[in-house]
Amino acid sequence: MTTTEAPAGSPAAFLYRHPRARLTGLLALPMTWLVLLYLVPIVLLFVTAFWTTDSFTGNLQRTFTLENFARVLDPSQPFLTTALRTLAVAVSVTVVSIILAVPLSLFLAKIAQPRWRPLLVALVVTPLWASYLVKVYAWRTMLNPEGGFLESTLGFSTGYGWVAVVVVLTYLWLPYMVLPVYVGMQNVPPSLLDASSDLGARSWRTFRSVLLPLVKPAIIAGSVFTFSLSLGDYITVQLVGGKAQMLGNVVYGTFATDLPFAAAIASLTVLIMIGYLAAISRTGALENL
Amino acid sequence: MPREEPLSDAIAVQLRGVSKTFGRGDDTVAAVRDVDLDVLDGEFLTLLGPSGSGKTTVLRMIAGFELPTAGTVELAGRDVTDVPPFDRDVNTVFQDYALFPHMTVQQNVEYGLKVKRVPKADRQARAAEALAQVQLAGYANRRPHQLSGGQRQRVALARALVNRPKVLLLDEPLGALDLKLREQMQVELKHIQRLVGITFIFVTHDQEEALTMSDRIAVFDSGRIEQVGTPEEVYEKPGTEFVAGFVGTSNLLRDAAAESVVGRPGIVSIRPEKIRLAEAAAAPGDGEHGVAGTVREVIYLGTGTRFVVDLDVGGSLVVLQQNLHDRGLHPRSEQPVTLLWRTSDEYDLSRSE
């Protein structure tokens, strides 16, 4: 042995010889955080969804029942309609975001002068720094069907309702779609587009057969953000949704009086999201997140 | 200069006064300056030059990826200067191969035919034929990432050839391959070119590759064509000092040294393998020139040995000696020697200007 080696008993030497100890040191803090503040609450949420409340006292009764879920799925109750409306809004926001983000990203990644790109991307992202509430209240004022900004300038406003919800949520979450799609397009080598055109394909064919398939994973990654963020939103719905409610509003309205039912509704959104992720994990897009 | 065996009189590609400037305002870069070039039907023409000499830009203007700032591009007599790539009867093999990663080898090769709405059965037959031509018959269902560099290179070649273009453009296609594979592909490319009879325009910065493969070579420097000629012409009779230095080893006698050795001022090029090493006192024979000097470096190359000799009259020359059994004088470093060569192996560069 040479004298320049660390002494055998030093902490560095100990860690070198014990890979498990190294891993523990690395993950102890983040794992504690995840388990205590993330996994435990989700498990509690699921468990609570199978409990009930005493109808006289309003106290929690810790006995197993499927009653909450039966109520959510009961066609005579409004909750199934609300769930479907929530789903429709989340899907609409995602589709509109894709339709807006793809041409915008194409311009940013492939057409704009390289020196303007950082500035343009910064402009796309800038709204994310403004307060959520300020932006939604601004939209509430603009959408006002009686003398709001849109009414007085365009002579037309969607008013308050689920269309307004889709418009505002798309405004809020669009950057989460543009960023991954922009990066995805930047990662497509220019020579692939040249090659397609060299082989006789016009621009639309190249877009459809080469560019779009290659950025599909990025679009799906973006849709995870727009879909999940829309699914859980309730403040925008409250401010511009008019009478239209989403699942988030039901949770907000019932958790004080009927915690197990609110938990069941919340579990439903978690289940929808798990189903969505399972469906897209088959496409391999989750590797792009 | 007369060509030894003309391939054909038909002109496949004609460039006239072609220039390309990149950038705007103060930071413009002239990549190509006033290039005239005729590429004959069925020939293997190489655009040779250092990086940044404009050879790839010329290729991209023939393909249609770049529009010339000035001048015209003609393909088989048709002016295509402003015609987009998808309407030109040329195909390109890209430096990074540019295979579509989301398609199989078969789908890659069929792409051009599919775009042109060739019927499926015909398309599949032609793709299979093209893949057989590049010896990849069993690889149709692989994805590009499952192939080695050499195999990707062949797929790129098949994908271009399957369209039966009038002209095939190759942009440093062998640059990413290791030496053995590169030499093998050089032979194969040349073989395929003879087989299909398509005009090949090949871009490289490797002079040996250019000499091995080409019918003619166009040597580029700083956006201009310095010389166009057969490999032999370019090597034996370099038109300019740049060509003499870039194709082969720069081995020049200039000014005072030239005057004292060959008896007239100017720039004289002598290829290293034409020079013989002799003892210090040796005198040149009939039809020979000689110069005295001292060996500075001896570099062993395997098949040969390279000597760098400082001349007494100033400057230096490189001598290449084959490592034969009976190789004559083999001096050590710092040994005084005489360099001898035939006057017919001298090439006067100042004369050609």
# chains A, B, ... in the order shown; residues from 1 in each chain; ligands from 1
>>> interface_residues(of="chain B", to="chain A", cutoff="6 Å", atoms="only C-alpha atoms", output="tab-separated table (two decimals) with C-alpha atoms, in the first residue's frame")
chain	number	residue	atom	x	y	z
B	85	PRO	CA	-35.28	20.16	-53.45
B	86	PHE	CA	-38.43	18.01	-53.78
B	91	ASN	CA	-30.71	12.60	-54.10
B	98	ALA	CA	-30.21	11.46	-41.63
B	112	GLY	CA	-39.02	8.47	-51.53
B	115	VAL	CA	-44.01	10.08	-51.53
>>> select_by_dssp(residues="region 100-339 of chain B", states="strand (DSSP E)", output="ChimeraX atom specification")
/B:167-171,199-204,216-221,224-229,252-254,267-269,276-278,288-300,304-311,316-322,336-339
>>> atom_distance(atom1="CA of Pro260 (chain A)", atom2="CA of Gln77 (chain A)")
16.8 Å
>>> atom_distance(atom1="CA of Thr69 (chain B)", atom2="CA of Gly175 (chain B)")
28.5 Å
>>> closest_residue(among="A:Ile235, A:Met185, A:Ile42, A:Leu179", to="Lys135 (chain A)", atoms="only C-alpha atoms")
A:Ile235
>>> residues_around(residues="region 346-348 of chain B", least_positions_apart="2", cutoff="7 Å", atoms="only C-alpha atoms", output="count of residues only")
9
>>> residues_around(residues="Phe261 (chain A)", least_positions_apart="2", cutoff="10 Å", atoms="only C-alpha atoms", output="short mmCIF file (atom, residue, chain, number, x, y, z; two decimals) with C-alpha atoms, in the first residue's frame")
data_model
loop_
_atom_site.label_atom_id
_atom_site.label_comp_id
_atom_site.auth_asym_id
_atom_site.auth_seq_id
_atom_site.Cartn_x
_atom_site.Cartn_y
_atom_site.Cartn_z
CA THR A 48 -61.07 8.10 4.05
CA ALA A 49 -63.03 7.61 0.83
CA PHE A 50 -64.30 4.30 2.22
CA TRP A 51 -65.50 5.79 5.52
CA THR A 52 -68.67 7.71 6.21
CA THR A 53 -70.09 10.41 8.50
CA GLU A 67 -71.63 4.30 -0.30
CA ASN A 68 -69.55 7.34 -1.36
CA PHE A 69 -68.55 5.82 -4.68
CA ARG A 71 -73.25 8.19 -4.85
CA VAL A 72 -70.61 9.54 -7.27
CA VAL A 250 -67.45 19.58 -5.49
CA VAL A 251 -64.47 18.69 -3.28
CA THR A 254 -68.20 19.18 0.54
CA PHE A 255 -64.96 18.60 2.39
CA THR A 257 -69.34 18.79 5.86
CA ASP A 258 -68.70 15.36 4.33
CA LEU A 259 -65.01 14.57 4.29
CA ALA A 263 -62.19 12.11 -0.55
CA ALA A 264 -64.09 9.81 -2.91
CA ILE A 265 -64.39 12.61 -5.50
CA ALA A 266 -60.71 13.47 -5.11
CA SER A 267 -59.81 9.80 -5.51
#
>>> select_by_dssp(residues="region 181-280 of chain A", states="helix (DSSP H, G or I)", output="MDAnalysis selection string")
chainID A and resid 181:186 190:198 203:231 235:240 247:254 259:280
>>> atom_distance(atom1="CA of Ala109 (chain A)", atom2="CA of Phe65 (chain B)")
18.0 Å
>>> residues_around(residues="Pro127 (chain A)", least_positions_apart="3", cutoff="10 Å", atoms="only C-alpha atoms", output="PyMOL selection string")
chain A and resi 122-124+130-132+135+171-175
>>> write_last_selection(atoms="all heavy atoms", output="mmCIF file, in the first residue's frame")
data_model
loop_
_atom_site.group_PDB
_atom_site.id
_atom_site.type_symbol
_atom_site.label_atom_id
_atom_site.label_comp_id
_atom_site.auth_asym_id
_atom_site.auth_seq_id
_atom_site.Cartn_x
_atom_site.Cartn_y
_atom_site.Cartn_z
ATOM 1 N N ALA A 122 -38.591 33.214 -23.787
ATOM 2 C CA ALA A 122 -38.822 33.917 -22.519
ATOM 3 C C ALA A 122 -40.197 34.578 -22.520
ATOM 4 O O ALA A 122 -40.921 34.548 -21.519
ATOM 5 C CB ALA A 122 -37.731 34.960 -22.293
ATOM 6 N N LEU A 123 -40.599 35.146 -23.688
ATOM 7 C CA LEU A 123 -41.912 35.788 -23.775
ATOM 8 C C LEU A 123 -43.043 34.779 -23.571
ATOM 9 O O LEU A 123 -44.055 35.080 -22.944
ATOM 10 C CB LEU A 123 -42.079 36.475 -25.137
ATOM 11 C CG LEU A 123 -41.314 37.788 -25.306
ATOM 12 C CD1 LEU A 123 -41.475 38.320 -26.727
ATOM 13 C CD2 LEU A 123 -41.810 38.813 -24.290
ATOM 14 N N VAL A 124 -42.853 33.572 -24.104
ATOM 15 C CA VAL A 124 -43.870 32.534 -23.931
ATOM 16 C C VAL A 124 -44.006 32.162 -22.456
ATOM 17 O O VAL A 124 -45.102 31.914 -21.953
ATOM 18 C CB VAL A 124 -43.502 31.284 -24.776
ATOM 19 C CG1 VAL A 124 -44.412 30.112 -24.437
ATOM 20 C CG2 VAL A 124 -43.600 31.602 -26.264
ATOM 21 N N ALA A 130 -46.485 35.601 -13.376
ATOM 22 C CA ALA A 130 -47.532 36.432 -12.777
ATOM 23 C C ALA A 130 -48.400 35.557 -11.872
ATOM 24 O O ALA A 130 -48.530 34.356 -12.089
ATOM 25 C CB ALA A 130 -48.374 37.061 -13.875
ATOM 26 N N SER A 131 -49.003 36.184 -10.860
ATOM 27 C CA SER A 131 -49.820 35.426 -9.908
ATOM 28 C C SER A 131 -51.036 34.824 -10.605
ATOM 29 O O SER A 131 -51.700 35.464 -11.421
ATOM 30 C CB SER A 131 -50.274 36.352 -8.780
ATOM 31 O OG SER A 131 -51.513 35.927 -8.286
ATOM 32 N N TYR A 132 -51.287 33.578 -10.260
ATOM 33 C CA TYR A 132 -52.434 32.859 -10.814
ATOM 34 C C TYR A 132 -53.718 33.646 -10.606
ATOM 35 O O TYR A 132 -54.495 33.881 -11.540
ATOM 36 C CB TYR A 132 -52.496 31.495 -10.121
ATOM 37 C CG TYR A 132 -53.721 30.660 -10.420
ATOM 38 C CD1 TYR A 132 -53.649 29.635 -11.356
ATOM 39 C CD2 TYR A 132 -54.917 30.866 -9.750
ATOM 40 C CE1 TYR A 132 -54.750 28.857 -11.630
ATOM 41 C CE2 TYR A 132 -56.029 30.093 -10.014
ATOM 42 C CZ TYR A 132 -55.944 29.087 -10.958
ATOM 43 O OH TYR A 132 -57.031 28.319 -11.222
ATOM 44 N N LYS A 135 -54.151 36.780 -12.779
ATOM 45 C CA LYS A 135 -54.466 36.468 -14.169
ATOM 46 C C LYS A 135 -55.925 36.055 -14.314
ATOM 47 O O LYS A 135 -56.617 36.476 -15.247
ATOM 48 C CB LYS A 135 -53.541 35.348 -14.678
ATOM 49 C CG LYS A 135 -52.115 35.809 -14.894
ATOM 50 C CD LYS A 135 -51.245 34.713 -15.463
ATOM 51 C CE LYS A 135 -50.921 33.659 -14.418
ATOM 52 N NZ LYS A 135 -49.952 32.667 -14.896
ATOM 53 N N TYR A 171 -55.106 29.480 -21.620
ATOM 54 C CA TYR A 171 -54.189 30.606 -21.429
ATOM 55 C C TYR A 171 -53.179 30.289 -20.323
ATOM 56 O O TYR A 171 -51.980 30.532 -20.471
ATOM 57 C CB TYR A 171 -54.983 31.868 -21.082
ATOM 58 C CG TYR A 171 -54.123 32.957 -20.495
ATOM 59 C CD1 TYR A 171 -53.363 33.784 -21.319
ATOM 60 C CD2 TYR A 171 -54.048 33.137 -19.116
ATOM 61 C CE1 TYR A 171 -52.548 34.758 -20.776
ATOM 62 C CE2 TYR A 171 -53.237 34.109 -18.572
ATOM 63 C CZ TYR A 171 -52.489 34.922 -19.397
ATOM 64 O OH TYR A 171 -51.682 35.873 -18.873
ATOM 65 N N LEU A 172 -53.679 29.715 -19.214
ATOM 66 C CA LEU A 172 -52.808 29.466 -18.059
ATOM 67 C C LEU A 172 -51.764 28.382 -18.344
ATOM 68 O O LEU A 172 -50.609 28.506 -17.961
ATOM 69 C CB LEU A 172 -53.644 29.048 -16.848
ATOM 70 C CG LEU A 172 -54.485 30.135 -16.191
ATOM 71 C CD1 LEU A 172 -55.407 29.512 -15.139
ATOM 72 C CD2 LEU A 172 -53.579 31.177 -15.533
ATOM 73 N N TRP A 173 -52.186 27.301 -19.016
ATOM 74 C CA TRP A 173 -51.289 26.124 -19.103
ATOM 75 C C TRP A 173 -50.553 26.006 -20.433
ATOM 76 O O TRP A 173 -49.743 25.103 -20.600
ATOM 77 C CB TRP A 173 -52.076 24.827 -18.844
ATOM 78 C CG TRP A 173 -52.956 24.835 -17.630
ATOM 79 C CD1 TRP A 173 -54.206 24.315 -17.548
ATOM 80 C CD2 TRP A 173 -52.662 25.354 -16.317
ATOM 81 N NE1 TRP A 173 -54.724 24.480 -16.285
ATOM 82 C CE2 TRP A 173 -53.795 25.121 -15.513
ATOM 83 C CE3 TRP A 173 -51.561 26.005 -15.745
ATOM 84 C CZ2 TRP A 173 -53.875 25.513 -14.181
ATOM 85 C CZ3 TRP A 173 -51.641 26.396 -14.412
ATOM 86 C CH2 TRP A 173 -52.771 26.146 -13.657
ATOM 87 N N LEU A 174 -50.838 26.905 -21.393
ATOM 88 C CA LEU A 174 -50.190 26.807 -22.710
ATOM 89 C C LEU A 174 -48.648 26.710 -22.636
ATOM 90 O O LEU A 174 -48.054 25.893 -23.337
ATOM 91 C CB LEU A 174 -50.617 27.977 -23.600
ATOM 92 C CG LEU A 174 -50.114 27.930 -25.048
ATOM 93 C CD1 LEU A 174 -50.644 26.701 -25.773
ATOM 94 C CD2 LEU A 174 -50.499 29.186 -25.807
ATOM 95 N N PRO A 175 -47.979 27.517 -21.794
ATOM 96 C CA PRO A 175 -46.513 27.414 -21.747
ATOM 97 C C PRO A 175 -46.025 26.006 -21.399
ATOM 98 O O PRO A 175 -44.977 25.572 -21.869
ATOM 99 C CB PRO A 175 -46.115 28.404 -20.646
ATOM 100 C CG PRO A 175 -47.237 29.381 -20.605
ATOM 101 C CD PRO A 175 -48.477 28.598 -20.933
#
